[in-house]
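Student: Here it is: the structure, laid out below.
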Amino acid sequence: MSEVAVSPEVRPSSGEIAVVRSGADPVADFTVFAQTSTPALYRIAYLLCGDQHRAQDLVQLALERTFKAWKKVGDGDPFAYARRILATARIDTWRRTRREVLTDDPGSNTRVRTAPASDAELAERDRLVRALMALSVKQRRVVVLRYLLDRSESDTAAELGISAGTVKSTASRALARLRDLVGSDGERSRS
């Protein structure tokens, strides 16, 4: 039996992960893909749903469905396929529950959580993530795909199944809302 050499190749300039394949072992190819793309998929899932456990479930579901379709997507762009699964699975979850859970504890709104003063960057990131979680699901999805993942308007529209005009208007409203939320949080923390 011959050995299969599979190695991940990361292109730092584009932020994309390419898998270089040699041999015909699809399980080994998928294993390398899963190992290299899981952290990026988790970050996307967390920003889409705002909950660590739901994000892990979404990543697991995306990897499972990607593996089942590996013969079709393995030679193309499996990361784009998995990312699309994350987005549609999140929509399916939202449709089933028809509710968003934005906080762990309903009483947490009464007390303000602050990060240690020595870690300003962590506090800023936490503030931005909280503001992102305050957006509607549609706005959050557009902002994550458009600005975090740096997708074009047409790519975002195609991935979400909406028109480019809807992407533009939703992004505009979402950014205005984020500016208001981050601005008002910044004013409260300075007072």
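In the structure tokens, each chain is lettered A, B, ... as it comes, each chain's residues begin at 1, and ligands are numbered from 1 in order of appearance.
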Using only C-alpha atoms, determine which residues lie at most 9 Å from stretch 72-87 of chain A, disregarding the query and same-chain residues fewer than 2 positions distant; provide the list as a PyMOL selection string.

Tutor: chain A and resi 16-18+26+29-30+33+37+41+44-45+48+55+58-59+61-63+65-67+69-70+89-92+141+159-160

Student: If you keep N, CA, C and O atoms, can you produce a file of those selected residues as a compact mmCIF listing (two decimals), in the first residue's frame?

Tutor:
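Generated file (result.txt):
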```txt
# COMPACT_ATOMS: atom_id res chain seq x y z
N GLU A 16 -6.73 32.66 2.83
CA GLU A 16 -7.41 31.44 2.44
C GLU A 16 -6.51 30.24 2.70
O GLU A 16 -5.29 30.35 2.75
N ILE A 17 -7.12 29.10 2.87
CA ILE A 17 -6.40 27.87 3.13
C ILE A 17 -6.54 26.99 1.90
O ILE A 17 -7.65 26.72 1.45
N ALA A 18 -5.43 26.57 1.36
CA ALA A 18 -5.46 25.65 0.22
C ALA A 18 -4.93 24.31 0.70
O ALA A 18 -4.01 24.25 1.50
N PRO A 26 -9.54 10.23 0.08
CA PRO A 26 -10.40 11.36 0.42
C PRO A 26 -10.52 11.59 1.92
O PRO A 26 -10.70 12.71 2.36
N ASP A 29 -7.57 13.65 2.91
CA ASP A 29 -7.76 15.01 2.42
C ASP A 29 -8.74 15.78 3.30
O ASP A 29 -8.50 16.93 3.68
N PHE A 30 -9.86 15.13 3.64
CA PHE A 30 -10.84 15.79 4.50
C PHE A 30 -10.28 16.06 5.89
O PHE A 30 -10.54 17.11 6.47
N PHE A 33 -8.25 19.10 5.74
CA PHE A 33 -9.15 20.25 5.60
C PHE A 33 -9.80 20.59 6.94
O PHE A 33 -9.84 21.76 7.34
N SER A 37 -9.20 24.18 8.81
CA SER A 37 -10.27 25.16 8.67
C SER A 37 -11.18 25.28 9.88
O SER A 37 -11.98 26.22 9.94
N LEU A 41 -13.77 28.40 10.79
CA LEU A 41 -15.21 28.12 10.78
C LEU A 41 -15.83 28.43 12.14
O LEU A 41 -16.94 28.95 12.22
N ILE A 44 -16.36 32.22 12.51
CA ILE A 44 -17.52 32.65 11.73
C ILE A 44 -18.81 32.23 12.43
O ILE A 44 -19.74 33.03 12.56
N ALA A 45 -18.87 30.99 12.88
CA ALA A 45 -20.08 30.49 13.55
C ALA A 45 -20.37 31.27 14.82
O ALA A 45 -21.53 31.61 15.10
N LEU A 48 -21.86 34.54 13.96
CA LEU A 48 -23.22 34.41 13.44
C LEU A 48 -24.25 34.16 14.54
O LEU A 48 -25.37 34.63 14.46
N ALA A 55 -22.10 27.65 18.36
CA ALA A 55 -21.06 27.77 17.34
C ALA A 55 -20.36 26.43 17.15
O ALA A 55 -20.10 26.02 16.01
N LEU A 58 -22.66 24.21 15.20
CA LEU A 58 -22.72 24.60 13.80
C LEU A 58 -21.47 24.12 13.04
O LEU A 58 -21.57 23.64 11.91
N VAL A 59 -20.30 24.26 13.66
CA VAL A 59 -19.06 23.80 13.01
C VAL A 59 -19.11 22.29 12.81
O VAL A 59 -18.75 21.79 11.75
N LEU A 61 -21.73 20.40 12.49
CA LEU A 61 -22.69 20.14 11.42
C LEU A 61 -22.09 20.46 10.05
O LEU A 61 -22.25 19.70 9.10
N ALA A 62 -21.39 21.58 9.96
CA ALA A 62 -20.77 21.97 8.69
C ALA A 62 -19.72 20.95 8.26
O ALA A 62 -19.65 20.58 7.08
N LEU A 63 -18.90 20.49 9.20
CA LEU A 63 -17.89 19.49 8.85
C LEU A 63 -18.53 18.16 8.46
O LEU A 63 -18.08 17.50 7.52
N ARG A 65 -21.55 17.68 7.09
CA ARG A 65 -22.16 17.79 5.76
C ARG A 65 -21.10 17.94 4.67
O ARG A 65 -21.29 17.46 3.55
N THR A 66 -20.00 18.61 5.00
CA THR A 66 -18.92 18.74 4.01
C THR A 66 -18.30 17.38 3.73
O THR A 66 -17.99 17.06 2.58
N PHE A 67 -18.13 16.58 4.77
CA PHE A 67 -17.57 15.25 4.55
C PHE A 67 -18.49 14.39 3.68
O PHE A 67 -18.03 13.68 2.79
N ALA A 69 -20.41 15.37 1.39
CA ALA A 69 -20.37 15.86 0.01
C ALA A 69 -18.94 16.01 -0.49
O ALA A 69 -18.70 16.69 -1.49
N TRP A 70 -17.98 15.38 0.16
CA TRP A 70 -16.57 15.59 -0.16
C TRP A 70 -16.22 15.23 -1.61
O TRP A 70 -15.39 15.88 -2.22
N ALA A 89 -27.42 26.73 8.14
CA ALA A 89 -27.77 26.02 9.37
C ALA A 89 -28.18 27.02 10.45
O ALA A 89 -29.09 26.75 11.24
N ARG A 90 -27.54 28.17 10.47
CA ARG A 90 -27.91 29.20 11.45
C ARG A 90 -29.32 29.72 11.16
O ARG A 90 -30.12 29.93 12.07
N ILE A 91 -29.64 29.90 9.89
CA ILE A 91 -30.99 30.32 9.51
C ILE A 91 -32.00 29.26 9.94
O ILE A 91 -33.05 29.58 10.49
N ASP A 92 -31.69 28.00 9.68
CA ASP A 92 -32.60 26.91 10.05
C ASP A 92 -32.85 26.90 11.55
O ASP A 92 -33.98 26.72 12.00
N ARG A 141 -25.43 38.84 9.73
CA ARG A 141 -24.91 37.99 8.68
C ARG A 141 -24.27 38.81 7.58
O ARG A 141 -23.19 38.48 7.07
N GLU A 159 -24.29 34.37 -1.54
CA GLU A 159 -24.20 33.44 -0.41
C GLU A 159 -25.44 33.48 0.47
O GLU A 159 -25.86 32.47 1.00
N LEU A 160 -26.04 34.66 0.60
CA LEU A 160 -27.24 34.78 1.45
C LEU A 160 -28.53 34.62 0.67
O LEU A 160 -29.61 34.58 1.27
```

Student: If you count only C-alpha atoms, which residues fall within 12 Å of A:Ser172, apart from same-chain ones fewer than 4 positions away, as a CSV table (one decimal) with C-alpha atoms, in the first residue's frame?

Tutor:
```csv
chain,number,residue,atom,x,y,z
A,139,GLN,CA,-27.8,42.5,9.6
A,140,ARG,CA,-25.2,40.5,11.5
A,142,VAL,CA,-24.4,40.8,6.1
A,143,VAL,CA,-21.8,42.5,8.3
A,146,ARG,CA,-19.2,41.6,3.9
A,147,TYR,CA,-16.7,43.2,6.3
A,153,GLU,CA,-21.5,42.8,-2.4
A,165,GLY,CA,-29.2,46.2,-3.3
A,166,THR,CA,-30.5,44.4,-0.2
A,167,VAL,CA,-26.9,43.8,0.9
A,168,LYS,CA,-26.0,47.5,0.4
A,176,ALA,CA,-25.2,53.0,11.4
A,177,ARG,CA,-26.6,50.9,14.2
A,178,LEU,CA,-23.2,49.6,15.2
A,179,ARG,CA,-21.8,53.2,15.3
```

Student: Figure out the distance between atom CA of A:Cys49 and atom CA of A:Ala171, please, to one decimal in Å.

Tutor: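 Atom CA of A:Ala171 sits 17.7 Å away from atom CA of A:Cys49.
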
Student: Kindly indicate which residue among A:Leu148, A:Ala157, A:Ala28, A:Ala34 lies nearest to A:Thr170, using only C-alpha atoms for the distances.

Tutor: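 Comparing A:Leu148, A:Ala157, A:Ala28, A:Ala34 against A:Thr170, the winner is A:Ala157.
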
Student: Measuring atom to atom with only C-alpha atoms, identify which of A:Arg151, A:Lys138, A:Arg130, A:Lys71 is nearest to A:Leu181.

Tutor: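 Distance minimum relative to A:Leu181 lands on A:Arg130.
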
Student: Report, in Å with one decimal, the straight-line distance from atom CA of A:Val144 to atom CA of A:Leu132.

Tutor: 9.0 Å

Student: Which of stretch 35-80 of chain A end up as alpha helix (DSSP H) when DSSP is run on this backbone - answer as an MDAnalysis selection string?

Tutor: chainID A and resid 35:49 52:68 70:73 78:80

Student: Let me make sure I understand: among A:Val27, A:Leu128, A:Leu149, A:Ala123, which one has the smallest atom-to-atom distance to A:Ala40 if we use only C-alpha atoms?

Tutor: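 The shortest atom-to-atom distance to A:Ala40 comes from A:Leu149.
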
Student: In Å, with one decimal, what is the gap from atom CA of A:Asp57 to atom CA of A:Glu121?

Tutor: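 The value is 28.1 Å.
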